[in-house]
file model_19.pdb (PDB, C-alpha atoms (C1' of nucleotides))
MODEL        1
ATOM      1  CA  MET K   2       6.629  35.423 -15.684
ATOM      2  CA  SER K   3       6.762  38.936 -14.244
ATOM      3  CA  SER K   4      10.097  40.717 -14.141
ATOM      4  CA  MET K   5      10.706  44.269 -12.952
ATOM      5  CA  PRO K   6      14.068  46.005 -12.831
ATOM      6  CA  GLY K   7      16.260  43.899 -10.568
ATOM      7  CA  GLU K   8      13.431  41.420  -9.945
ATOM      8  CA  LEU K   9      14.340  37.876 -10.877
ATOM      9  CA  PRO K  10      11.598  36.172 -12.900
ATOM     10  CA  VAL K  11       8.980  34.156 -11.013
ATOM     11  CA  PRO K  12       6.126  32.039 -12.356
ATOM     12  CA  GLU K  13       2.551  33.273 -12.354
ATOM     13  CA  MET K  14       0.855  31.993  -9.215
ATOM     14  CA  ALA K  15      -1.757  30.319 -11.398
ATOM     15  CA  ASP K  16       0.971  28.174 -12.929
ATOM     16  CA  VAL K  17       2.357  27.026  -9.602
ATOM     17  CA  ASP K  18       1.733  23.371  -8.840
ATOM     18  CA  LEU K  19       1.113  21.981  -5.359
ATOM     19  CA  GLY K  20       3.523  19.124  -5.975
ATOM     20  CA  THR K  21       6.301  21.578  -6.777
ATOM     21  CA  VAL K  22       5.569  23.530  -3.605
ATOM     22  CA  LEU K  23       5.638  20.423  -1.415
ATOM     23  CA  ALA K  24       8.870  19.270  -3.026
ATOM     24  CA  ALA K  25      10.412  22.678  -2.372
ATOM     25  CA  LEU K  26       9.351  22.533   1.275
ATOM     26  CA  ALA K  27      10.633  18.986   1.668
ATOM     27  CA  ASP K  28      14.259  20.122   1.775
ATOM     28  CA  PRO K  29      15.471  21.030   5.278
ATOM     29  CA  HIS K  30      17.571  23.999   4.153
ATOM     30  CA  ARG K  31      14.754  25.525   2.164
ATOM     31  CA  ARG K  32      12.225  24.849   4.888
ATOM     32  CA  ALA K  33      14.500  26.571   7.394
ATOM     33  CA  VAL K  34      14.619  29.628   5.164
ATOM     34  CA  VAL K  35      10.868  29.717   4.645
ATOM     35  CA  LEU K  36      10.362  29.263   8.351
ATOM     36  CA  GLU K  37      12.466  32.338   9.108
ATOM     37  CA  LEU K  38      10.666  34.350   6.490
ATOM     38  CA  VAL K  39       7.294  33.410   7.915
ATOM     39  CA  ALA K  40       8.479  34.266  11.412
ATOM     40  CA  GLY K  41       9.648  37.655  10.198
ATOM     41  CA  GLN K  42       6.218  38.513   8.789
ATOM     42  CA  ASP K  43       6.490  39.605   5.174
ATOM     43  CA  THR K  44       9.622  41.671   5.597
ATOM     44  CA  GLU K  45      12.370  41.572   3.014
ATOM     45  CA  ARG K  46      15.625  39.931   4.043
ATOM     46  CA  ALA K  47      19.161  39.851   2.679
ATOM     47  CA  CYS K  48      19.913  36.449   1.179
ATOM     48  CA  SER K  49      23.281  36.528   2.905
ATOM     49  CA  SER K  50      21.602  36.732   6.306
ATOM     50  CA  PHE K  51      20.612  33.082   6.403
ATOM     51  CA  PRO K  52      23.079  30.828   8.207
ATOM     52  CA  LEU K  53      23.118  27.931   5.746
ATOM     53  CA  PRO K  54      26.101  25.552   5.965
ATOM     54  CA  ILE K  55      26.399  25.168   2.205
ATOM     55  CA  ALA K  56      28.431  26.583  -0.666
ATOM     56  CA  LYS K  57      27.487  29.828  -2.428
ATOM     57  CA  SER K  58      26.489  28.116  -5.637
ATOM     58  CA  THR K  59      24.294  25.696  -3.725
ATOM     59  CA  ARG K  60      22.490  28.604  -2.108
ATOM     60  CA  THR K  61      21.830  30.096  -5.521
ATOM     61  CA  HIS K  62      20.315  26.767  -6.527
ATOM     62  CA  HIS K  63      17.967  26.724  -3.539
ATOM     63  CA  TRP K  64      16.807  30.285  -4.181
ATOM     64  CA  LYS K  65      15.949  29.268  -7.682
ATOM     65  CA  VAL K  66      13.904  26.310  -6.458
ATOM     66  CA  LEU K  67      12.027  28.527  -4.012
ATOM     67  CA  ARG K  68      11.336  31.121  -6.709
ATOM     68  CA  GLN K  69      10.085  28.534  -9.170
ATOM     69  CA  ALA K  70       7.840  27.019  -6.518
ATOM     70  CA  GLY K  71       6.174  30.407  -6.203
ATOM     71  CA  LEU K  72       7.196  30.799  -2.582
ATOM     72  CA  VAL K  73       9.495  33.797  -2.798
ATOM     73  CA  ARG K  74      10.301  36.843  -4.840
ATOM     74  CA  GLN K  75      13.966  37.787  -5.202
ATOM     75  CA  ARG K  76      15.455  41.188  -5.919
ATOM     76  CA  ASP K  77      18.969  41.759  -7.180
ATOM     77  CA  ALA K  78      20.576  44.918  -5.793
ATOM     78  CA  GLY K  79      23.882  44.711  -7.598
ATOM     79  CA  ASN K  80      25.800  43.721  -4.553
ATOM     80  CA  GLY K  81      23.627  41.529  -2.383
ATOM     81  CA  THR K  82      20.208  40.085  -3.194
ATOM     82  CA  PHE K  83      17.050  40.158  -1.148
ATOM     83  CA  VAL K  84      14.102  37.827  -0.713
ATOM     84  CA  ARG K  85      10.573  38.055   0.567
ATOM     85  CA  LEU K  86       7.640  35.713   0.628
ATOM     86  CA  ARG K  87       4.947  36.116  -2.016
ATOM     87  CA  ARG K  88       2.669  36.223   0.942
ATOM     88  CA  PRO K  89      -0.781  37.485  -0.053
ATOM     89  CA  GLU K  90      -0.566  35.827  -3.464
ATOM     90  CA  PHE K  91       0.575  32.468  -2.188
ATOM     91  CA  ASP K  92      -2.023  32.303   0.562
ATOM     92  CA  ALA K  93      -4.733  33.096  -1.946
ATOM     93  CA  LYS K  94      -3.832  30.041  -3.972
ATOM     94  CA  PHE K  95      -2.765  27.706  -1.138
ATOM     95  CA  PRO K  96      -4.632  28.922   1.940
ATOM     96  CA  GLY K  97      -3.303  27.582   5.201
ATOM     97  CA  LEU K  98      -0.369  25.667   3.769
ATOM     98  CA  LEU K  99       2.410  28.060   4.717
ATOM     99  CA  ASP K 100       1.073  28.550   8.216
ATOM    100  CA  VAL K 101       0.658  24.842   8.857
ATOM    101  CA  VAL K 102       4.135  23.967   7.639
ATOM    102  CA  ALA K 103       5.683  26.823   9.605
ATOM    103  CA  GLU K 104       3.777  25.753  12.686
ATOM    104  CA  LEU K 105       4.886  22.123  12.328
ATOM    105  CA  SER K 106       8.503  23.094  11.745
ATOM    106  CA  THR K 107       8.563  25.233  14.872
ATOM    107  CA  ALA K 108       6.494  23.248  17.365
ATOM    108  CA  ARG K 109       7.967  20.029  18.665
TER     109      ARG K 109
ATOM    110  CA  MET Z   2       8.664  -0.524  14.010
ATOM    111  CA  SER Z   3       5.408  -2.261  14.910
ATOM    112  CA  SER Z   4       4.400  -5.395  13.003
ATOM    113  CA  MET Z   5       1.345  -7.515  13.653
ATOM    114  CA  PRO Z   6       0.331 -10.625  11.719
ATOM    115  CA  GLY Z   7      -0.040  -9.507   8.121
ATOM    116  CA  GLU Z   8       0.831  -5.931   9.006
ATOM    117  CA  LEU Z   9       3.768  -4.585   7.038
ATOM    118  CA  PRO Z  10       6.300  -2.744   9.225
ATOM    119  CA  VAL Z  11       5.889   1.011   9.659
ATOM    120  CA  PRO Z  12       8.105   3.484  11.507
ATOM    121  CA  GLU Z  13       7.216   4.828  14.936
ATOM    122  CA  MET Z  14       5.408   8.121  14.503
ATOM    123  CA  ALA Z  15       8.063   9.775  16.659
ATOM    124  CA  ASP Z  16      10.689   8.844  14.063
ATOM    125  CA  VAL Z  17       8.750  10.296  11.144
ATOM    126  CA  ASP Z  18      10.305  13.419   9.660
ATOM    127  CA  LEU Z  19       8.315  16.301   8.185
ATOM    128  CA  GLY Z  20      10.609  16.462   5.172
ATOM    129  CA  THR Z  21       9.914  12.824   4.391
ATOM    130  CA  VAL Z  22       6.178  13.442   4.662
ATOM    131  CA  LEU Z  23       6.270  16.440   2.339
ATOM    132  CA  ALA Z  24       8.396  14.543  -0.158
ATOM    133  CA  ALA Z  25       5.895  11.680  -0.079
ATOM    134  CA  LEU Z  26       3.021  14.072  -0.691
ATOM    135  CA  ALA Z  27       4.857  15.832  -3.511
ATOM    136  CA  ASP Z  28       4.241  12.966  -5.925
ATOM    137  CA  PRO Z  29       0.921  13.252  -7.809
ATOM    138  CA  HIS Z  30       0.134   9.531  -7.685
ATOM    139  CA  ARG Z  31       0.746   9.289  -3.974
ATOM    140  CA  ARG Z  32      -1.144  12.489  -3.299
ATOM    141  CA  ALA Z  33      -4.099  11.156  -5.278
ATOM    142  CA  VAL Z  34      -4.145   8.046  -3.124
ATOM    143  CA  VAL Z  35      -3.929   9.991   0.120
ATOM    144  CA  LEU Z  36      -6.654  12.284  -1.108
ATOM    145  CA  GLU Z  37      -9.005   9.362  -1.672
ATOM    146  CA  LEU Z  38      -8.176   7.897   1.708
ATOM    147  CA  VAL Z  39      -8.905  11.198   3.423
ATOM    148  CA  ALA Z  40     -12.172  11.524   1.521
ATOM    149  CA  GLY Z  41     -13.194   8.026   2.611
ATOM    150  CA  GLN Z  42     -12.692   8.883   6.284
ATOM    151  CA  ASP Z  43     -10.443   6.347   7.958
ATOM    152  CA  THR Z  44     -11.876   3.309   6.227
ATOM    153  CA  GLU Z  45      -9.647   0.540   4.970
ATOM    154  CA  ARG Z  46      -9.357   0.141   1.223
ATOM    155  CA  ALA Z  47      -8.056  -2.525  -1.122
ATOM    156  CA  CYS Z  48      -4.793  -1.406  -2.723
ATOM    157  CA  SER Z  49      -6.092  -2.674  -6.039
ATOM    158  CA  SER Z  50      -9.023  -0.255  -5.896
ATOM    159  CA  PHE Z  51      -6.960   2.782  -6.803
ATOM    160  CA  PRO Z  52      -6.981   3.638 -10.513
ATOM    161  CA  LEU Z  53      -3.280   4.375 -10.935
ATOM    162  CA  PRO Z  54      -1.925   4.247 -14.503
ATOM    163  CA  ILE Z  55       1.327   2.609 -13.483
ATOM    164  CA  ALA Z  56       2.874  -0.857 -13.388
ATOM    165  CA  LYS Z  57       2.352  -3.231 -10.473
ATOM    166  CA  SER Z  58       5.929  -2.987  -9.250
ATOM    167  CA  THR Z  59       5.727   0.804  -9.300
ATOM    168  CA  ARG Z  60       2.622   0.693  -7.129
ATOM    169  CA  THR Z  61       4.459  -1.472  -4.632
ATOM    170  CA  HIS Z  62       7.189   1.158  -4.555
ATOM    171  CA  HIS Z  63       4.710   3.956  -3.824
ATOM    172  CA  TRP Z  64       3.029   2.024  -1.015
ATOM    173  CA  LYS Z  65       6.422   1.585   0.548
ATOM    174  CA  VAL Z  66       7.133   5.313   0.367
ATOM    175  CA  LEU Z  67       3.777   6.115   1.952
ATOM    176  CA  ARG Z  68       4.355   3.576   4.724
ATOM    177  CA  GLN Z  69       7.813   4.874   5.487
ATOM    178  CA  ALA Z  70       6.519   8.435   5.566
ATOM    179  CA  GLY Z  71       4.176   7.355   8.340
ATOM    180  CA  LEU Z  72       1.077   8.162   6.309
ATOM    181  CA  VAL Z  73      -0.454   4.715   5.941
ATOM    182  CA  ARG Z  74      -0.606   1.285   7.482
ATOM    183  CA  GLN Z  75      -0.748  -1.690   5.113
ATOM    184  CA  ARG Z  76      -2.139  -5.150   5.730
ATOM    185  CA  ASP Z  77      -1.338  -8.208   3.656
ATOM    186  CA  ALA Z  78      -4.263 -10.601   3.283
ATOM    187  CA  GLY Z  79      -2.593 -13.265   1.205
ATOM    188  CA  ASN Z  80      -4.389 -12.349  -1.911
ATOM    189  CA  GLY Z  81      -4.881  -8.603  -1.998
ATOM    190  CA  THR Z  82      -3.460  -6.009   0.372
ATOM    191  CA  PHE Z  83      -5.257  -3.231   2.171
ATOM    192  CA  VAL Z  84      -4.343   0.262   3.319
ATOM    193  CA  ARG Z  85      -5.657   2.788   5.745
ATOM    194  CA  LEU Z  86      -4.427   6.121   6.995
ATOM    195  CA  ARG Z  87      -2.652   6.266  10.351
ATOM    196  CA  ARG Z  88      -5.183   8.911  11.106
ATOM    197  CA  PRO Z  89      -5.283   9.673  14.830
ATOM    198  CA  GLU Z  90      -1.557   9.077  15.199
ATOM    199  CA  PHE Z  91      -0.522  11.183  12.250
ATOM    200  CA  ASP Z  92      -2.737  14.105  13.206
ATOM    201  CA  ALA Z  93      -1.304  14.051  16.704
ATOM    202  CA  LYS Z  94       2.171  14.596  15.325
ATOM    203  CA  PHE Z  95       1.341  16.799  12.334
ATOM    204  CA  PRO Z  96      -1.921  18.538  13.193
ATOM    205  CA  GLY Z  97      -3.670  20.114  10.258
ATOM    206  CA  LEU Z  98      -1.260  18.958   7.578
ATOM    207  CA  LEU Z  99      -3.328  16.166   6.104
ATOM    208  CA  ASP Z 100      -6.486  18.249   6.051
ATOM    209  CA  VAL Z 101      -4.806  21.236   4.432
ATOM    210  CA  VAL Z 102      -3.176  19.168   1.706
ATOM    211  CA  ALA Z 103      -6.385  17.273   1.040
ATOM    212  CA  GLU Z 104      -8.301  20.534   0.895
ATOM    213  CA  LEU Z 105      -5.795  22.085  -1.521
ATOM    214  CA  SER Z 106      -5.759  19.024  -3.749
ATOM    215  CA  THR Z 107      -9.526  18.985  -4.014
ATOM    216  CA  ALA Z 108     -10.426  22.641  -4.354
ATOM    217  CA  ARG Z 109      -9.512  24.304  -7.588
TER     218      ARG Z 109
ATOM    219  C1'  DC S  26      -4.769 -29.431 -10.274
ATOM    220  C1'  DC S  27      -4.662 -25.291 -12.962
ATOM    221  C1'  DG S  28      -5.222 -20.696 -13.992
ATOM    222  C1'  DA S  29      -6.177 -15.895 -12.922
ATOM    223  C1'  DA S  30      -5.686 -11.981  -9.797
ATOM    224  C1'  DG S  31      -2.994  -9.338  -6.741
ATOM    225  C1'  DG S  32       1.736  -8.419  -4.907
ATOM    226  C1'  DT S  33       6.709  -8.580  -4.000
ATOM    227  C1'  DT S  34      11.585  -8.671  -5.288
ATOM    228  C1'  DC S  35      15.161  -7.816  -8.294
ATOM    229  C1'  DG S  36      17.780  -5.399 -11.645
ATOM    230  C1'  DA S  37      18.149  -1.780 -14.797
ATOM    231  C1'  DA S  38      17.358   2.592 -17.407
ATOM    232  C1'  DG S  39      16.440   7.521 -17.394
ATOM    233  C1'  DG S  40      15.819  11.595 -15.122
ATOM    234  C1'  DT S  41      16.204  14.780 -11.342
ATOM    235  C1'  DT S  42      18.327  16.643  -7.111
ATOM    236  C1'  DC S  43      21.889  18.207  -4.146
ATOM    237  C1'  DT S  44      26.330  19.254  -3.800
ATOM    238  C1'  DC S  45      30.595  21.412  -4.965
ATOM    239  C1'  DG S  46      34.633  24.091  -7.277
ATOM    240  C1'  DT S  47      35.955  27.251 -10.695
ATOM    241  C1'  DA S  48      35.342  31.189 -13.301
ATOM    242  C1'  DC S  49      33.150  35.331 -13.768
ATOM    243  C1'  DC S  50      30.270  39.618 -12.698
ATOM    244  C1'  DT S  51      28.847  43.854  -9.910
ATOM    245  C1'  DG S  52      29.011  47.417  -6.242
ATOM    246  C1'  DA S  53      31.271  49.331  -2.312
ATOM    247  C1'  DT S  54      35.573  50.446  -0.019
ATOM    248  C1'  DC S  55      40.254  51.509   0.453
TER     249       DC S  55
ATOM    250  C1'  DG N  15      42.745  50.870  -9.652
ATOM    251  C1'  DA N  16      42.805  46.939  -6.502
ATOM    252  C1'  DT N  17      40.316  44.297  -3.521
ATOM    253  C1'  DC N  18      36.600  42.294  -1.128
ATOM    254  C1'  DA N  19      31.800  40.553  -0.316
ATOM    255  C1'  DG N  20      27.889  38.738  -2.408
ATOM    256  C1'  DG N  21      26.057  36.305  -6.361
ATOM    257  C1'  DT N  22      25.445  33.939 -10.815
ATOM    258  C1'  DA N  23      26.628  30.470 -14.609
ATOM    259  C1'  DC N  24      28.588  26.357 -15.804
ATOM    260  C1'  DG N  25      30.190  21.749 -15.425
ATOM    261  C1'  DA N  26      30.595  17.684 -12.918
ATOM    262  C1'  DG N  27      29.802  13.905  -9.616
ATOM    263  C1'  DA N  28      27.079  11.224  -6.362
ATOM    264  C1'  DA N  29      22.830   9.992  -4.769
ATOM    265  C1'  DC N  30      18.241   9.334  -5.248
ATOM    266  C1'  DC N  31      13.519   8.823  -7.573
ATOM    267  C1'  DT N  32      10.319   7.001 -10.782
ATOM    268  C1'  DT N  33       9.525   3.793 -13.887
ATOM    269  C1'  DC N  34       9.411  -0.619 -16.018
ATOM    270  C1'  DG N  35       9.762  -5.857 -17.174
ATOM    271  C1'  DA N  36      10.707 -10.442 -15.768
ATOM    272  C1'  DA N  37      10.465 -13.930 -12.380
ATOM    273  C1'  DC N  38       8.247 -15.531  -8.527
ATOM    274  C1'  DC N  39       4.827 -16.187  -4.638
ATOM    275  C1'  DT N  40       0.120 -16.786  -2.629
ATOM    276  C1'  DT N  41      -4.690 -17.270  -2.581
ATOM    277  C1'  DC N  42      -9.206 -18.083  -4.568
ATOM    278  C1'  DG N  43     -12.325 -20.148  -8.046
ATOM    279  C1'  DG N  44     -13.240 -23.515 -11.176
TER     280       DG N  44
ENDMDL
END
call {"tool": "encode", "arguments": {"input": "model_19.pdb", "output": "structure tokens"}}
result
Amino acid sequence: MSSMPGELPVPEMADVDLGTVLAALADPHRRAVVLELVAGQDTERACSSFPLPIAKSTRTHHWKVLRQAGLVRQRDAGNGTFVRLRRPEFDAKFPGLLDVVAELSTAR
Amino acid sequence: MSSMPGELPVPEMADVDLGTVLAALADPHRRAVVLELVAGQDTERACSSFPLPIAKSTRTHHWKVLRQAGLVRQRDAGNGTFVRLRRPEFDAKFPGLLDVVAELSTAR
DNA sequence: CCGAAGGTTCGAAGGTTCTCGTACCTGATC
DNA sequence: GATCAGGTACGAGAACCTTCGAACCTTCGG
């Protein structure tokens, strides 16, 4: 569990389980978010910038799931929070997974 | 829904949703089964040949989930049932997914 | 015919997930 | 200071998932 000022705690990548990752990616809302993050390279994005048709508290829940699955890192800036993929880290542990899922979500 | 003599019904591959697939693969027991099937190429295997530490009725449940996720085809031979991956079909719709997940489940 | 092996169906318990509303907090803006 | 936008924490409900046991079915081997 690393935690810097404003950084919400995330699990060590070594402790992240594949099953947890797949479960996190199974939800359409979360997959949509991850898809946008992948598309935007590893840039940081405001959490409020995702057009999810769900309540505020539900969004908070989904961010938590994504954090705990090791997919994203979240920074609290007082007003507004920001997310970014744990890109190099995640790919080191699960090479190819993010790209394949992003590819499959986009292509039809 | 195709169904031949002894073949349990499976969804059309076109109707299979990525979320459903990822959810199916999120479970450790089911992932273990899929992993073995991938390792054994696309050979058919007896359902009873998988060393799962769970009750009979629970196994039945998991086979159903895997069938409905479009991952396997199951044949009922009176005594004993048999499974095989829907390999060429599945890869056509979700290229790379099965290989990546199998790879990530094996390597550690 | 009888039993054992392999499976399905059913119902139920226990846990988890997704969802929401309400209350509350923090920074920026008026 | 009041207000607003963005978020979190908490509690609750509905739905779903995993699991099991009990009852039942079918086939094969004696």
call {"tool": "interface_residues", "arguments": {"input": "model_19.pdb", "of": "chain K", "to": "chain Z", "cutoff": "9 Å", "atoms": "only C-alpha atoms", "output": "list in words"}}
result
Leu19, Gly20, Thr21, Val22, Leu23, Ala24, Ala25, Leu26, Ala27, Asp28, Pro29, Arg32, Lys94, Phe95, Pro96, Gly97, Leu98, Val101, Val102, Leu105, Ser106 and Arg109 of chain K
call {"tool": "residues_near_point", "arguments": {"input": "model_19.pdb", "point": "(10.0, -11.8, -16.6)", "cutoff": "12 Å", "atoms": "only C-alpha atoms (C1' of nucleotides)", "output": "count of residues only"}}
result
8
call {"tool": "atom_distance", "arguments": {"input": "model_19.pdb", "atom1": "atom CA of Z:His63", "atom2": "atom CA of Z:Val84"}}
result
12.1 Å
call {"tool": "calpha_fit_and_write", "arguments": {"input": "model_19.pdb", "fixed": "chain K", "moving": "chain Z", "output": "compact mmCIF listing (two decimals) with C-alpha atoms, in the frame of the given file"}}
result
# COMPACT_ATOMS: atom_id res chain seq x y z
CA MET Z 2 6.53 35.49 -15.62
CA SER Z 3 6.71 38.99 -14.16
CA SER Z 4 10.07 40.77 -14.06
CA MET Z 5 10.69 44.29 -12.84
CA PRO Z 6 14.05 46.05 -12.72
CA GLY Z 7 16.25 43.88 -10.52
CA GLU Z 8 13.44 41.42 -9.91
CA LEU Z 9 14.34 37.88 -10.89
CA PRO Z 10 11.59 36.16 -12.91
CA VAL Z 11 8.98 34.14 -11.02
CA PRO Z 12 6.11 32.04 -12.37
CA GLU Z 13 2.53 33.26 -12.35
CA MET Z 14 0.83 31.98 -9.22
CA ALA Z 15 -1.77 30.30 -11.42
CA ASP Z 16 0.97 28.15 -12.95
CA VAL Z 17 2.36 27.01 -9.61
CA ASP Z 18 1.75 23.35 -8.85
CA LEU Z 19 1.13 21.97 -5.36
CA GLY Z 20 3.54 19.10 -5.97
CA THR Z 21 6.31 21.55 -6.79
CA VAL Z 22 5.57 23.50 -3.61
CA LEU Z 23 5.64 20.41 -1.42
CA ALA Z 24 8.86 19.24 -3.03
CA ALA Z 25 10.41 22.65 -2.38
CA LEU Z 26 9.35 22.52 1.26
CA ALA Z 27 10.63 18.97 1.68
CA ASP Z 28 14.25 20.11 1.78
CA PRO Z 29 15.46 21.04 5.29
CA HIS Z 30 17.55 24.01 4.16
CA ARG Z 31 14.75 25.51 2.14
CA ARG Z 32 12.22 24.85 4.86
CA ALA Z 33 14.48 26.58 7.38
CA VAL Z 34 14.61 29.64 5.16
CA VAL Z 35 10.86 29.73 4.63
CA LEU Z 36 10.36 29.28 8.34
CA GLU Z 37 12.46 32.35 9.10
CA LEU Z 38 10.66 34.37 6.46
CA VAL Z 39 7.29 33.42 7.90
CA ALA Z 40 8.48 34.29 11.40
CA GLY Z 41 9.66 37.70 10.19
CA GLN Z 42 6.22 38.52 8.77
CA ASP Z 43 6.49 39.61 5.16
CA THR Z 44 9.63 41.67 5.58
CA GLU Z 45 12.38 41.58 3.00
CA ARG Z 46 15.64 39.95 4.02
CA ALA Z 47 19.16 39.84 2.66
CA CYS Z 48 19.91 36.42 1.17
CA SER Z 49 23.27 36.51 2.90
CA SER Z 50 21.59 36.74 6.31
CA PHE Z 51 20.58 33.09 6.40
CA PRO Z 52 23.04 30.84 8.23
CA LEU Z 53 23.09 27.95 5.77
CA PRO Z 54 26.08 25.58 6.00
CA ILE Z 55 26.38 25.18 2.25
CA ALA Z 56 28.43 26.58 -0.62
CA LYS Z 57 27.49 29.79 -2.41
CA SER Z 58 26.52 28.05 -5.63
CA THR Z 59 24.28 25.66 -3.71
CA ARG Z 60 22.48 28.59 -2.11
CA THR Z 61 21.85 30.06 -5.53
CA HIS Z 62 20.33 26.73 -6.54
CA HIS Z 63 17.97 26.71 -3.55
CA TRP Z 64 16.81 30.28 -4.17
CA LYS Z 65 15.96 29.26 -7.69
CA VAL Z 66 13.90 26.30 -6.47
CA LEU Z 67 12.02 28.51 -4.02
CA ARG Z 68 11.34 31.10 -6.72
CA GLN Z 69 10.09 28.53 -9.18
CA ALA Z 70 7.85 27.00 -6.54
CA GLY Z 71 6.18 30.39 -6.22
CA LEU Z 72 7.20 30.78 -2.59
CA VAL Z 73 9.49 33.79 -2.81
CA ARG Z 74 10.30 36.84 -4.86
CA GLN Z 75 13.96 37.79 -5.20
CA ARG Z 76 15.48 41.18 -5.92
CA ASP Z 77 19.00 41.76 -7.17
CA ALA Z 78 20.61 44.90 -5.79
CA GLY Z 79 23.93 44.70 -7.55
CA ASN Z 80 25.81 43.74 -4.50
CA GLY Z 81 23.62 41.54 -2.35
CA THR Z 82 20.23 40.07 -3.20
CA PHE Z 83 17.06 40.15 -1.17
CA VAL Z 84 14.09 37.83 -0.74
CA ARG Z 85 10.58 38.07 0.54
CA LEU Z 86 7.64 35.72 0.61
CA ARG Z 87 4.94 36.11 -2.03
CA ARG Z 88 2.65 36.23 0.92
CA PRO Z 89 -0.79 37.50 -0.08
CA GLU Z 90 -0.58 35.84 -3.48
CA PHE Z 91 0.57 32.48 -2.20
CA ASP Z 92 -2.03 32.32 0.55
CA ALA Z 93 -4.74 33.11 -1.97
CA LYS Z 94 -3.82 30.04 -3.97
CA PHE Z 95 -2.78 27.71 -1.14
CA PRO Z 96 -4.64 28.92 1.94
CA GLY Z 97 -3.30 27.58 5.19
CA LEU Z 98 -0.36 25.67 3.76
CA LEU Z 99 2.40 28.06 4.70
CA ASP Z 100 1.07 28.55 8.20
CA VAL Z 101 0.65 24.84 8.85
CA VAL Z 102 4.13 23.98 7.64
CA ALA Z 103 5.67 26.83 9.60
CA GLU Z 104 3.76 25.77 12.69
CA LEU Z 105 4.87 22.14 12.32
CA SER Z 106 8.48 23.11 11.74
CA THR Z 107 8.57 25.26 14.84
CA ALA Z 108 6.62 23.24 17.37
CA ARG Z 109 8.25 20.12 18.65
call {"tool": "interface_residues", "arguments": {"input": "model_19.pdb", "of": "chain K", "to": "chain S", "cutoff": "7 Å", "atoms": "only C-alpha atoms (C1' of nucleotides)", "output": "list of chain:residue names"}}
result
K:Thr59, K:Gly79, K:Asn80
call {"tool": "closest_atom_pairs", "arguments": {"input": "model_19.pdb", "of": "chain N", "to": "chain Z", "cutoff": "12 Å", "atoms": "only C-alpha atoms (C1' of nucleotides)", "output": "Markdown table"}}
result
| residue | atom | partner | partner_atom | distance |
| --- | --- | --- | --- | --- |
| N:DC31 | C1' | Z:Asp28 | CA | 10.3 |
| N:DT32 | C1' | Z:Thr59 | CA | 7.9 |
| N:DT33 | C1' | Z:Thr59 | CA | 6.7 |
| N:DC34 | C1' | Z:Ala56 | CA | 7.1 |
| N:DG35 | C1' | Z:Ser58 | CA | 9.3 |
| N:DA36 | C1' | Z:Ser58 | CA | 11.0 |
| N:DC39 | C1' | Z:Gly79 | CA | 9.9 |
| N:DT40 | C1' | Z:Gly79 | CA | 5.9 |
| N:DT41 | C1' | Z:Asn80 | CA | 5.0 |
| N:DC42 | C1' | Z:Asn80 | CA | 7.9 |
call {"tool": "write_last_selection", "arguments": {"input": "model_19.pdb", "atoms": "C-alpha atoms (C1' of nucleotides)", "output": "short mmCIF file (atom, residue, chain, number, x, y, z; two decimals), in the coordinates of the input"}}
result
data_model
loop_
_atom_site.label_atom_id
_atom_site.label_comp_id
_atom_site.auth_asym_id
_atom_site.auth_seq_id
_atom_site.Cartn_x
_atom_site.Cartn_y
_atom_site.Cartn_z
"C1'" DC N 31 13.52 8.82 -7.57
"C1'" DT N 32 10.32 7.00 -10.78
"C1'" DT N 33 9.52 3.79 -13.89
"C1'" DC N 34 9.41 -0.62 -16.02
"C1'" DG N 35 9.76 -5.86 -17.17
"C1'" DA N 36 10.71 -10.44 -15.77
"C1'" DC N 39 4.83 -16.19 -4.64
"C1'" DT N 40 0.12 -16.79 -2.63
"C1'" DT N 41 -4.69 -17.27 -2.58
"C1'" DC N 42 -9.21 -18.08 -4.57
#
call {"tool": "resolve_selection", "arguments": {"input": "model_19.pdb", "expression": "the PyMOL selection byres ((chain K and resi 38-49) around 10)", "output": "count of residues only"}}
result
38
call {"tool": "atom_distance", "arguments": {"input": "model_19.pdb", "atom1": "atom CA of K:Glu13", "atom2": "atom CA of K:Arg31"}}
result
20.5 Å
call {"tool": "atom_distance", "arguments": {"input": "model_19.pdb", "atom1": "atom CA of Z:Val66", "atom2": "atom CA of Z:Ala93"}}
result
20.4 Å
call {"tool": "axis_aligned_box", "arguments": {"input": "model_19.pdb", "around": "stretch 61-64 of chain K", "padding_each_side": "3 Å", "output": "JSON"}}
result
{"center_x": 19.3, "center_y": 28.5, "center_z": -5.0, "size_x": 11.0, "size_y": 9.6, "size_z": 9.0}
